[in-house]
Amino acid sequence: MSAGRDDVVLQTHGLVKRFGGITATNKVSLTIRRGARHALIGPNGAGKTTLINQLTGVLAPSEGRVVLCGRDITTLTPHKRVALGLVRTFQINQLFNSLTPLQSLALAVAGRRGSAHRWWAAMGSDLGLATECEQLLVQFRLTDFADRATSELPYGKRRLLEIALAVAQKPSVLLLDEPAAGVPGAERADILATVAALPDEVSVVLIEHDMDLVFSFARSMTVLVNGTVLTEGTPEQIAADPQVRAVYLGDSRAGGSPAASSQAQDFAPLRRAQYHG
Ligand SMILES: Nc1ncnc2c1ncn2[C@@H]1O[C@H](COP(=O)(O)OP(=O)(O)OP(=O)(O)O)[C@@H](O)[C@H]1O
Ligand SMILES: [Mg+2]
C-alpha cells in the first residue's frame with residue numbers, strides 16, 4: 001500500500017475546543033490513512049473523547065476543520081457524517097435491548113439501505129439483507145446469541161453487537177472510544193482482535209487505556225496530553241519515546257505530570273513493547 005495523499009481518509013486541521021477556561025483540545029491535527037489501526041492514547045482528561053466528539057459532530061469545534069475523504073465536514077450534522085462513512089459505536093439503547101441481535105442488525109442494515117420502514121418483512125424476502133446480517137453475526141461471533149433478547153447477552157457480547165451495528169453502516173472510518181471497557185479479561189482481547197480483522201476499507205481510530213490491548217492492536221499512535229498532541233508514531237517509536245515514558249511514569253525530570261503517575265501501572269506493556277520491539 002502506498003502512503004500518498006490519496007490514502008488519507010480523515011484529517012483534522014488545528015482542532016481547538018474550549019469549555020469556558022479549559023482548552024480540551026489544543027490545535028489537534030491528525031491524519032488517518034486507509035486501513036489505519038490507529039490508537040489515540042493519553043491520561044484521563046487529555047481530550048480524547050472531546051476530539052472524537054468533534055469528529056462525529058456531537059461537539060462543534062471552537063477552531064479548526066475536519067476533512068473526510070477530501071470533503072470538509074466541519075459543519076455537517078452527526079447523521080450526515082454517518083451517511084458519509086464516519087461512524088462511531090453507539091451504546092445499545094432501550095429499543096435495541098428489547099430486540100434480538102439479529103433484529104437489531106436487520107434494522108441497521110435496512111436503515112443504511114433506506115428500507116428501515118419495512119425491515120422485518122425484508123428479512124424474509126430480501127436475500128441480500130439476510131445474508132449480510134448472517135455475515136455480521138459470524139464476523140462478530142454472535143451467531144449463538146442471534147435470537148436471544150439483547151438485554152440477556154453477556155456484557156462482552158453486547159459490546160461486540162455495538163461494534164457490529166456500527167460496521168453495518170459500512171464505515172470508511174470507525175471510531176471506538178474504549179470499546180472493551182468493563183469487559184472481563186480474555187474477552188477484551190477478543191473484541192480488539194475482531195476489530196483488527198476488519199478489512200482495510202475500514203480505517204479504525206481506537207481510544208483505549210489498556211496498553212496491552214493498544215500495543216497488540218495499533219500500527220500507528222497519537223499521544224494526547226492536556227489537549228495537545230505530544231507525539232505520533234509507530235508503537236515501537238511511542239514505546240521508546242522519553243516524553244511518553246515521562247507522561248506515563250510521571251518522571252518529573254522529563255516533565256511528566258504528577259497526575260499521570262497514578263497511571264504508571266498502565267505502562268508495563270509499554271516497557272515490554274520497548275524490550276521486544
Ligand atoms: N462538556 C464539557 N464541559 C466542560 N468541560 C469538559 C466537557 N467535556 C470535557 N471537558 C473537559 O475537557 C477535558 C478533556 O476531557 P475528555 O473527556 O475529552 O478527556 P479524555 O481524554 O477522554 O479522558 P478519559 O481518558 O478520562 O476518558 C477535561 O478537562 C474535561 O473535564
Ligand atoms: Mg474519554
# chains A, B, ... in the order shown; residues from 1 in each chain; ligands from 1
>>> residues_near_ligand(ligand="ligand 1", cutoff="9 Å", atoms="only C-alpha atoms and all ligand atoms", output="JSON list (two decimals) with C-alpha atoms, in the first residue's frame")
[["chain", "number", "residue", "atom", "x", "y", "z"],
["A", 17, "LYS", "CA", -12.30, 23.02, 21.72],
["A", 18, "ARG", "CA", -12.70, 25.35, 24.65],
["A", 19, "PHE", "CA", -15.05, 24.79, 27.57],
["A", 20, "GLY", "CA", -15.00, 28.12, 29.40],
["A", 21, "GLY", "CA", -11.43, 28.42, 30.64],
["A", 22, "ILE", "CA", -10.47, 24.83, 29.74],
["A", 23, "THR", "CA", -8.88, 24.09, 26.38],
["A", 24, "ALA", "CA", -9.87, 20.43, 25.95],
["A", 25, "THR", "CA", -8.22, 20.06, 22.53],
["A", 40, "LEU", "CA", -5.35, 7.60, 20.49],
["A", 41, "ILE", "CA", -3.84, 7.40, 23.95],
["A", 42, "GLY", "CA", -3.23, 9.79, 26.82],
["A", 43, "PRO", "CA", -4.01, 10.26, 30.51],
["A", 44, "ASN", "CA", -7.51, 10.89, 31.85],
["A", 45, "GLY", "CA", -8.75, 14.29, 30.76],
["A", 46, "ALA", "CA", -6.28, 14.50, 27.86],
["A", 47, "GLY", "CA", -9.09, 15.41, 25.45],
["A", 48, "LYS", "CA", -9.51, 12.09, 23.62],
["A", 49, "THR", "CA", -13.30, 11.88, 23.90],
["A", 50, "THR", "CA", -13.64, 15.59, 23.16],
["A", 51, "LEU", "CA", -11.67, 15.01, 19.96],
["A", 52, "ILE", "CA", -13.90, 12.10, 18.92],
["A", 53, "ASN", "CA", -16.99, 14.21, 19.67],
["A", 59, "LEU", "CA", -19.43, 18.98, 19.52],
["A", 177, "ASP", "CA", -13.98, 5.04, 22.42],
["A", 178, "GLU", "CA", -12.92, 2.36, 24.92],
["A", 207, "ILE", "CA", -9.25, 5.12, 22.28],
["A", 208, "GLU", "CA", -8.09, 2.64, 24.91],
["A", 209, "HIS", "CA", -6.35, 2.83, 28.28],
["A", 224, "LEU", "CA", -2.55, 13.38, 23.57],
["A", 225, "VAL", "CA", -1.64, 15.25, 26.77],
["A", 226, "ASN", "CA", -3.54, 18.25, 28.15],
["A", 227, "GLY", "CA", -5.38, 18.59, 24.84]]
>>> closest_residue(among="A:Ala110, A:Ala181, A:Pro199, A:Gly70", to="ligand 2", atoms="only C-alpha atoms and all ligand atoms")
A:Ala181
>>> closest_residue(among="A:Val247, A:Leu230, A:Val82, A:Val173", to="Ser203 (chain A)", atoms="only C-alpha atoms")
A:Val173
>>> closest_residue(among="A:Val214, A:Leu153, A:Leu206, A:Gln91", to="ligand 2", atoms="only C-alpha atoms and all ligand atoms")
A:Leu206
>>> select_by_dssp(residues="region 29-249 of chain A", states="helix (DSSP H, G or I)", output="PyMOL selection string")
chain A and resi 48-56+78-83+94-98+101-112+116-125+127-139+143-145+150-152+155-167+185-196+211-217+235-240+242-249
>>> residues_around(residues="Thr150 (chain A)", least_positions_apart="6", cutoff="10 Å", atoms="only C-alpha atoms", output="PyMOL selection string")
chain A and resi 92+94-104+157-158+161
>>> write_last_selection(atoms="N, CA and C atoms", output="PDB file, in the first residue's frame")
ATOM      1  N   ILE A  92     -25.925   0.560  23.132  1.00  0.00           N
ATOM      2  CA  ILE A  92     -27.227  -0.027  22.837  1.00  0.00           C
ATOM      3  C   ILE A  92     -28.289   0.615  23.738  1.00  0.00           C
ATOM      4  N   GLN A  94     -32.508   1.481  24.784  1.00  0.00           N
ATOM      5  CA  GLN A  94     -33.666   0.684  25.219  1.00  0.00           C
ATOM      6  C   GLN A  94     -34.297  -0.077  24.060  1.00  0.00           C
ATOM      7  N   LEU A  95     -34.401   0.580  22.912  1.00  0.00           N
ATOM      8  CA  LEU A  95     -35.019  -0.053  21.750  1.00  0.00           C
ATOM      9  C   LEU A  95     -34.291  -1.351  21.405  1.00  0.00           C
ATOM     10  N   PHE A  96     -32.960  -1.255  21.278  1.00  0.00           N
ATOM     11  CA  PHE A  96     -32.197  -2.434  20.896  1.00  0.00           C
ATOM     12  C   PHE A  96     -32.233  -3.499  21.979  1.00  0.00           C
ATOM     13  N   ASN A  97     -32.341  -3.073  23.243  1.00  0.00           N
ATOM     14  CA  ASN A  97     -32.405  -4.021  24.350  1.00  0.00           C
ATOM     15  C   ASN A  97     -33.559  -4.998  24.214  1.00  0.00           C
ATOM     16  N   SER A  98     -34.666  -4.518  23.675  1.00  0.00           N
ATOM     17  CA  SER A  98     -35.847  -5.375  23.590  1.00  0.00           C
ATOM     18  C   SER A  98     -35.844  -6.210  22.302  1.00  0.00           C
ATOM     19  N   LEU A  99     -34.916  -5.919  21.396  1.00  0.00           N
ATOM     20  CA  LEU A  99     -34.784  -6.711  20.168  1.00  0.00           C
ATOM     21  C   LEU A  99     -33.715  -7.780  20.359  1.00  0.00           C
ATOM     22  N   THR A 100     -33.667  -8.720  19.422  1.00  0.00           N
ATOM     23  CA  THR A 100     -32.569  -9.682  19.399  1.00  0.00           C
ATOM     24  C   THR A 100     -31.433  -9.071  18.581  1.00  0.00           C
ATOM     25  N   PRO A 101     -30.195  -9.612  18.704  1.00  0.00           N
ATOM     26  CA  PRO A 101     -29.104  -9.113  17.867  1.00  0.00           C
ATOM     27  C   PRO A 101     -29.439  -9.188  16.373  1.00  0.00           C
ATOM     28  N   LEU A 102     -30.078 -10.276  15.946  1.00  0.00           N
ATOM     29  CA  LEU A 102     -30.437 -10.402  14.531  1.00  0.00           C
ATOM     30  C   LEU A 102     -31.397  -9.288  14.108  1.00  0.00           C
ATOM     31  N   GLN A 103     -32.396  -9.019  14.937  1.00  0.00           N
ATOM     32  CA  GLN A 103     -33.350  -7.953  14.614  1.00  0.00           C
ATOM     33  C   GLN A 103     -32.657  -6.590  14.576  1.00  0.00           C
ATOM     34  N   SER A 104     -31.772  -6.341  15.540  1.00  0.00           N
ATOM     35  CA  SER A 104     -31.060  -5.052  15.591  1.00  0.00           C
ATOM     36  C   SER A 104     -30.223  -4.865  14.335  1.00  0.00           C
ATOM     37  N   LYS A 157     -20.546  -9.677  24.745  1.00  0.00           N
ATOM     38  CA  LYS A 157     -21.324  -9.862  23.506  1.00  0.00           C
ATOM     39  C   LYS A 157     -22.094  -8.595  23.165  1.00  0.00           C
ATOM     40  N   ARG A 158     -22.546  -7.884  24.175  1.00  0.00           N
ATOM     41  CA  ARG A 158     -23.237  -6.607  23.918  1.00  0.00           C
ATOM     42  C   ARG A 158     -22.280  -5.608  23.272  1.00  0.00           C
ATOM     43  N   LEU A 161     -21.866  -6.533  19.748  1.00  0.00           N
ATOM     44  CA  LEU A 161     -23.046  -6.137  18.971  1.00  0.00           C
ATOM     45  C   LEU A 161     -22.993  -4.640  18.648  1.00  0.00           C
TER      46      LEU A 161
END
